[in-house]
Amino acid sequence: MTPPSDKTTKTAKRLIKVALVEDQPKVRESWTKLINSFPDFTCIVGCATGEEAVRVIPQQQPDVVLMDIFLPRMSGIECTVRLKELLPNTQIVILTAMDDQELVFLALEAGADGYLLKRTKPSDLRKALLDVLGGGGPMSSQIARRVIESFRQRAKIRDESVHLSVREEQILVLLSQGYSNKMIADKLALSIDTVCSHLKHAFNKLHVRSRTEAVVRYMASKTPQQKPGA
Amino acid sequence: MFFASASRALGDGNMTADPGSASNPSEPYISPTNGLGSWIWEEKVSDNQTCRLWTTFEIPEASKVVKARLVMTTDNEFTLYLDGREVGHGAEWRELFVFDLIWLLAPGKHVLAVDCFNGSFFAGMLLGLQIDLADGRIIQVKSDSSWRVVPNGLSRWETRTEVPADWPAATIKAPLGGSPWWTQPANVNIMPTLQPIKVFFWQTGWFQITLLSICAVVILISFRLMAQLAIHRKERWLLRQERARIAREIHDDIGSRMTQLVLHGEVAQSGLPENSEIQQQLVQLCEEARRLLATMDEILWAVNPRRDTLRDFTAYVCKYAEDFFRPTQIQCFFEVDSEISTAAFDLPLRRSLLMAIKETLNNAVKHSGASELRLQIHWQGQRLVVVVQDNGKGFDPAVVKSERNGLTNMAQRMGELGGLCLVTSQPGKGCRVEFRVPLKHPQQHFWNWFWNAKQLPEQISETRASRADDSPQNHDPTK
């Protein structure tokens with residue numbers, strides 16, 4: 001755990017508090033510098049492992065957690081599941097080195113609110129973080145497709161505990177066909193905000209489901225989760 | 001008609017009682033004793049004695065048998081063999097047994113053998129065989145001293161066509177009608193007529209040998225094929241392992257370090273004054289590293305065996321198209337089968353298909369001037385069909401030289417995979433490119449689950465192995 005940066009004490013109330021989970025000290029340092037260089041962000045805590053994150057981050061109550069997906073022992077995805085339980089209102093953004101849609105879906109399913117490539121330009125990084133905080137997390141057509149598929153598979157085995165509303169499914173289908181949020185709003189005569197909130201709901205349903213599943217899985221095995229894809 | 005109570009049906013299954021054939025029982029029976037020989041036996045007679053008598057006769061070549069009647073009896077029991085085949089059995093010395101042998105006699109040498117048994121007191125065997133040939137000649141075989149007595153303890157004696165000279169001759173015990181036997185039989189039993197044993201082709205030795213050798217060859221070939229299959233699967237598994245290793249190394253080592261490089265570069269440049277020469281160079285450096293990382297994403301995707309499914313392919317193609325068209329005027333729409341899933345989609349196939357699709361998208365951006373593009377991916381029987389359709393200005397395929405826009409290249413690439421590339425376009429009506437590649441539909445083979453069940457243990461051990469490999473290196477790329 002790195003000590004909170006000196007900025008925190010002065011203007012903590014106006015700044016967006018960021019927690020960082022990254023196992024390599026140098027990289028963690030660079031990220032901290034980068035985040036602190038943004039005028040409206042401050043990095044309040046940095047953790048090296050998932051276990052440490054679960055222990056330390058809840059006390060700090062950050063607004064955003066930036067989570068590396070590959071961590072020793074407890075993976076970033078597992079850690080996301082646990083943190084989301086403890087801090088339901090904190091946004092969790094997964095960081096990946098490689099653009100792998102399958103991994104991204106796994107992370108989003110586990111409760112992450114968005115994902116970022118580690119190589120994203122600093123200027124884009126700030127915008128992307130603000131997007132996530134504003135509720136407009138990234139959603140490619142493929143991820144929309146996977147979300148629909150996931151719910152449909154669920155319906156096949158007659159698990160009716162969580163299912164998508166007609167509107168949510170409609171929006172997801174359009175998204176999977178390549179329509180942007182704006183085009184969907186036009187097509188369905190809704191406001192963009194409504195579309196976003198429907199999507200948010202759909203994702204929350206996905207999280208609720210996968211979180212219980214993941215916890216059950218975790219309790220059952222008591223072994224570290226398999227690292228998802230190389 | 002009379003049937004001897006003591007006679008029994010013979011076991012070879014080819015025997016038929018056919019009263020309508022050559023020996024017509026309705027034919028008036030003048031004297032059954034006509035043509036009979038004398039009562040013969042071994043020299044010594046004793047109770048509970050077995051006596052085996054043997055003789056041969058010959059039917060001349062190129063003659064046809066029109067009638068062959070054998071009449072015999074024995075005091076007390078007999079079993080008659082002709083050429084080693086059991087013909088009949090009798091156990092009443094007061095009666096005569098008549099056998100019709102017409103179907104069993106062909107030109108050539110024949111062996112008559114009688115296995116006799118004497119219960120007590122007198123013993124004798126009486127036999128007469130008359131063969132009428134088509135040319136009027138008559139061959140007669142009677143029981144007389146030309147018969148030979150078979151020594152005890154010999155096996156398959158009834159099939160012998162030659163015998164050693166030291167087999168003793170039979171002894172005449174009494175002439176026909178002589179004491180202590182009858183002058184007229186008490187009864188005449190017409191025995192069932194025997195048909196020749198039909199040997200079907202599948203019963204012949206050469207056929208069975210051929211069949212067995214074919215079976216043996218087939219079994220050997222299947223063993224060989226199974227061995228090859230096992231080796232092939234092992235090779236594929238090793239290849240997957242190797243690909244997984246390469247993917248891991250690219251990701252853990254090159255990928256993370258390059259990402260760190262970009263990150264450090266960004267941090268370094270933020271500390272420098274804006275627009276200074278060094279800062280500009282650092283910006284360029286970071287840009288270049290980012291482009292490199294993007295290229296590596298693609299290599300990683302292609303190499304990683306865990307991304308060998310159709311779903312991953314679809315994901316990649318759609319993501320690529322999204323990113324590709326974002327900075328352009330073209331809006332891209334997707335129509336993807338919902339059942340597109342985890343069907344295996346091997347590297348050479350998906351890589352070539354991806355290249356072809358990229359080429360098509362590139363063409364659309366460069367030449368079409370379209371505002372909309374549709375990308376469809378769906379199953380059609382055992383084929384995967386990818387359609388790229390734009391609403392651009394189109395072209396006349398006859399006019400546009402195919403070498404120039406890479407159409408030939410695409411068609412050739414698809415052809416190598418057993419697939420197809422169809423380009424249809426008209427000026428003003430957009431362009432439609434369709435790719436078809438053969439791909440096994442996962443749900444259409446019921447035996448798949450069996451095959452998969454067999455492969456499962458391998459996959460599990462594979463996962464374990466890769467997991468074991470993963471953990472330490474993954475998090476310390478600087479090592």
# chains A, B, ... in the order shown; residues from 1 in each chain; ligands from 1

$ interface_residues --of "chain B" --to "chain A" --cutoff "6 Å" --atoms "only C-alpha atoms" --output "PDB file with N, CA and C atoms, in the first residue's frame"
ATOM      1  N   ARG B 248       1.208 -16.611 -24.097  1.00  0.00           N
ATOM      2  CA  ARG B 248       1.517 -16.150 -22.744  1.00  0.00           C
ATOM      3  C   ARG B 248       2.747 -15.266 -22.733  1.00  0.00           C
ATOM      4  N   THR B 259       3.611  -1.974 -22.518  1.00  0.00           N
ATOM      5  CA  THR B 259       2.621  -1.107 -21.880  1.00  0.00           C
ATOM      6  C   THR B 259       3.295  -0.219 -20.837  1.00  0.00           C
ATOM      7  N   ASP B 297      -1.925  -7.175 -30.327  1.00  0.00           N
ATOM      8  CA  ASP B 297      -3.262  -7.674 -29.976  1.00  0.00           C
ATOM      9  C   ASP B 297      -3.730  -8.687 -31.002  1.00  0.00           C
ATOM     10  N   ALA B 315     -16.410 -12.047 -32.499  1.00  0.00           N
ATOM     11  CA  ALA B 315     -16.108 -10.912 -31.638  1.00  0.00           C
ATOM     12  C   ALA B 315     -15.004 -10.068 -32.245  1.00  0.00           C
ATOM     13  N   PHE B 333     -23.301  -2.062 -39.626  1.00  0.00           N
ATOM     14  CA  PHE B 333     -24.322  -2.828 -38.904  1.00  0.00           C
ATOM     15  C   PHE B 333     -23.970  -4.305 -38.929  1.00  0.00           C
ATOM     16  N   PHE B 334     -24.359  -5.014 -37.876  1.00  0.00           N
ATOM     17  CA  PHE B 334     -24.027  -6.441 -37.791  1.00  0.00           C
ATOM     18  C   PHE B 334     -25.280  -7.292 -37.759  1.00  0.00           C
ATOM     19  N   GLU B 335     -25.216  -8.381 -38.473  1.00  0.00           N
ATOM     20  CA  GLU B 335     -26.267  -9.390 -38.334  1.00  0.00           C
ATOM     21  C   GLU B 335     -25.553 -10.710 -38.073  1.00  0.00           C
TER      22      GLU B 335
END

$ residues_around --residues "region 92-94 of chain A" --least-positions-apart "6" --cutoff "6 Å" --atoms "only C-alpha atoms" --output "PyMOL selection string"
chain A and resi 64-68+112-115

$ atom_distance --atom1 "CA of Thr73 (chain B)" --atom2 "CA of Ile197 (chain B)"
24.8 Å

$ residues_around --residues "Asn391 (chain B)" --least-positions-apart "4" --cutoff "9 Å" --atoms "only C-alpha atoms" --output "PDB file with C-alpha atoms, in the first residue's frame"
ATOM      1  CA  SER B 368     -17.339   2.384 -52.348  1.00  0.00           C
ATOM      2  CA  GLY B 369     -18.264   5.810 -51.024  1.00  0.00           C
ATOM      3  CA  ALA B 370     -20.996   4.040 -49.074  1.00  0.00           C
ATOM      4  CA  SER B 371     -22.758   5.413 -46.000  1.00  0.00           C
ATOM      5  CA  GLU B 372     -23.804   2.027 -44.653  1.00  0.00           C
ATOM      6  CA  LEU B 373     -22.236  -1.409 -44.529  1.00  0.00           C
ATOM      7  CA  ARG B 374     -23.773  -4.636 -43.344  1.00  0.00           C
ATOM      8  CA  GLY B 428     -25.018   2.440 -58.468  1.00  0.00           C
ATOM      9  CA  LYS B 429     -26.270  -0.548 -56.522  1.00  0.00           C
ATOM     10  CA  GLY B 430     -23.522  -1.174 -54.022  1.00  0.00           C
ATOM     11  CA  CYS B 431     -21.377  -4.216 -53.696  1.00  0.00           C
ATOM     12  CA  ARG B 432     -21.943  -7.565 -52.045  1.00  0.00           C
TER      13      ARG B 432
END

$ atom_distance --atom1 "CA of Leu15 (chain A)" --atom2 "CA of Val104 (chain A)"
27.7 Å

$ residues_around --residues "region 58-72 of chain B" --least-positions-apart "5" --cutoff "6 Å" --atoms "only C-alpha atoms" --output "list in words"
Leu96, Phe97, Val98, Phe99, Asp100, Leu101, Ile102, Pro107, Gly108, Lys109, His110, Leu126, Leu127, Gly128, Leu129, Gln130, Ile131, Asp132, Leu133 and Ala134 of chain B

$ closest_residue --among "A:Asn89, A:Ala19, A:Pro58, A:Cys43" --to "Leu133 (chain A)" --atoms "only C-alpha atoms"
A:Asn89

$ residues_around --residues "Leu285 (chain B)" --least-positions-apart "2" --cutoff "12 Å" --atoms "only C-alpha atoms" --output "list in words"
Met258, Leu261, Val262, Leu263, His264, Gly265, Glu266, Ala268, Gln269, Ile278, Gln279, Gln280, Gln281, Leu282, Val283, Glu287, Glu288, Ala289, Arg290, Arg291 and Leu292 of chain B

$ select_by_dssp --residues "region 237-360 of chain B" --states "strand (DSSP E)" --output "ChimeraX atom specification"
/B:331-336

$ closest_residue --among "B:Trp54, B:Phe117, B:Thr161, B:Pro427" --to "Ala398 (chain B)" --atoms "only C-alpha atoms"
B:Pro427

$ residues_around --residues "region 198-204 of chain A" --least-positions-apart "3" --cutoff "6 Å" --atoms "only C-alpha atoms" --output "VMD selection string"
chain A and resid 168 195 207

$ select_by_dssp --residues "region 211-327 of chain B" --states "alpha helix (DSSP H)" --output "MDAnalysis selection string"
chainID B and resid 211:249 256:270 277:303 310:325
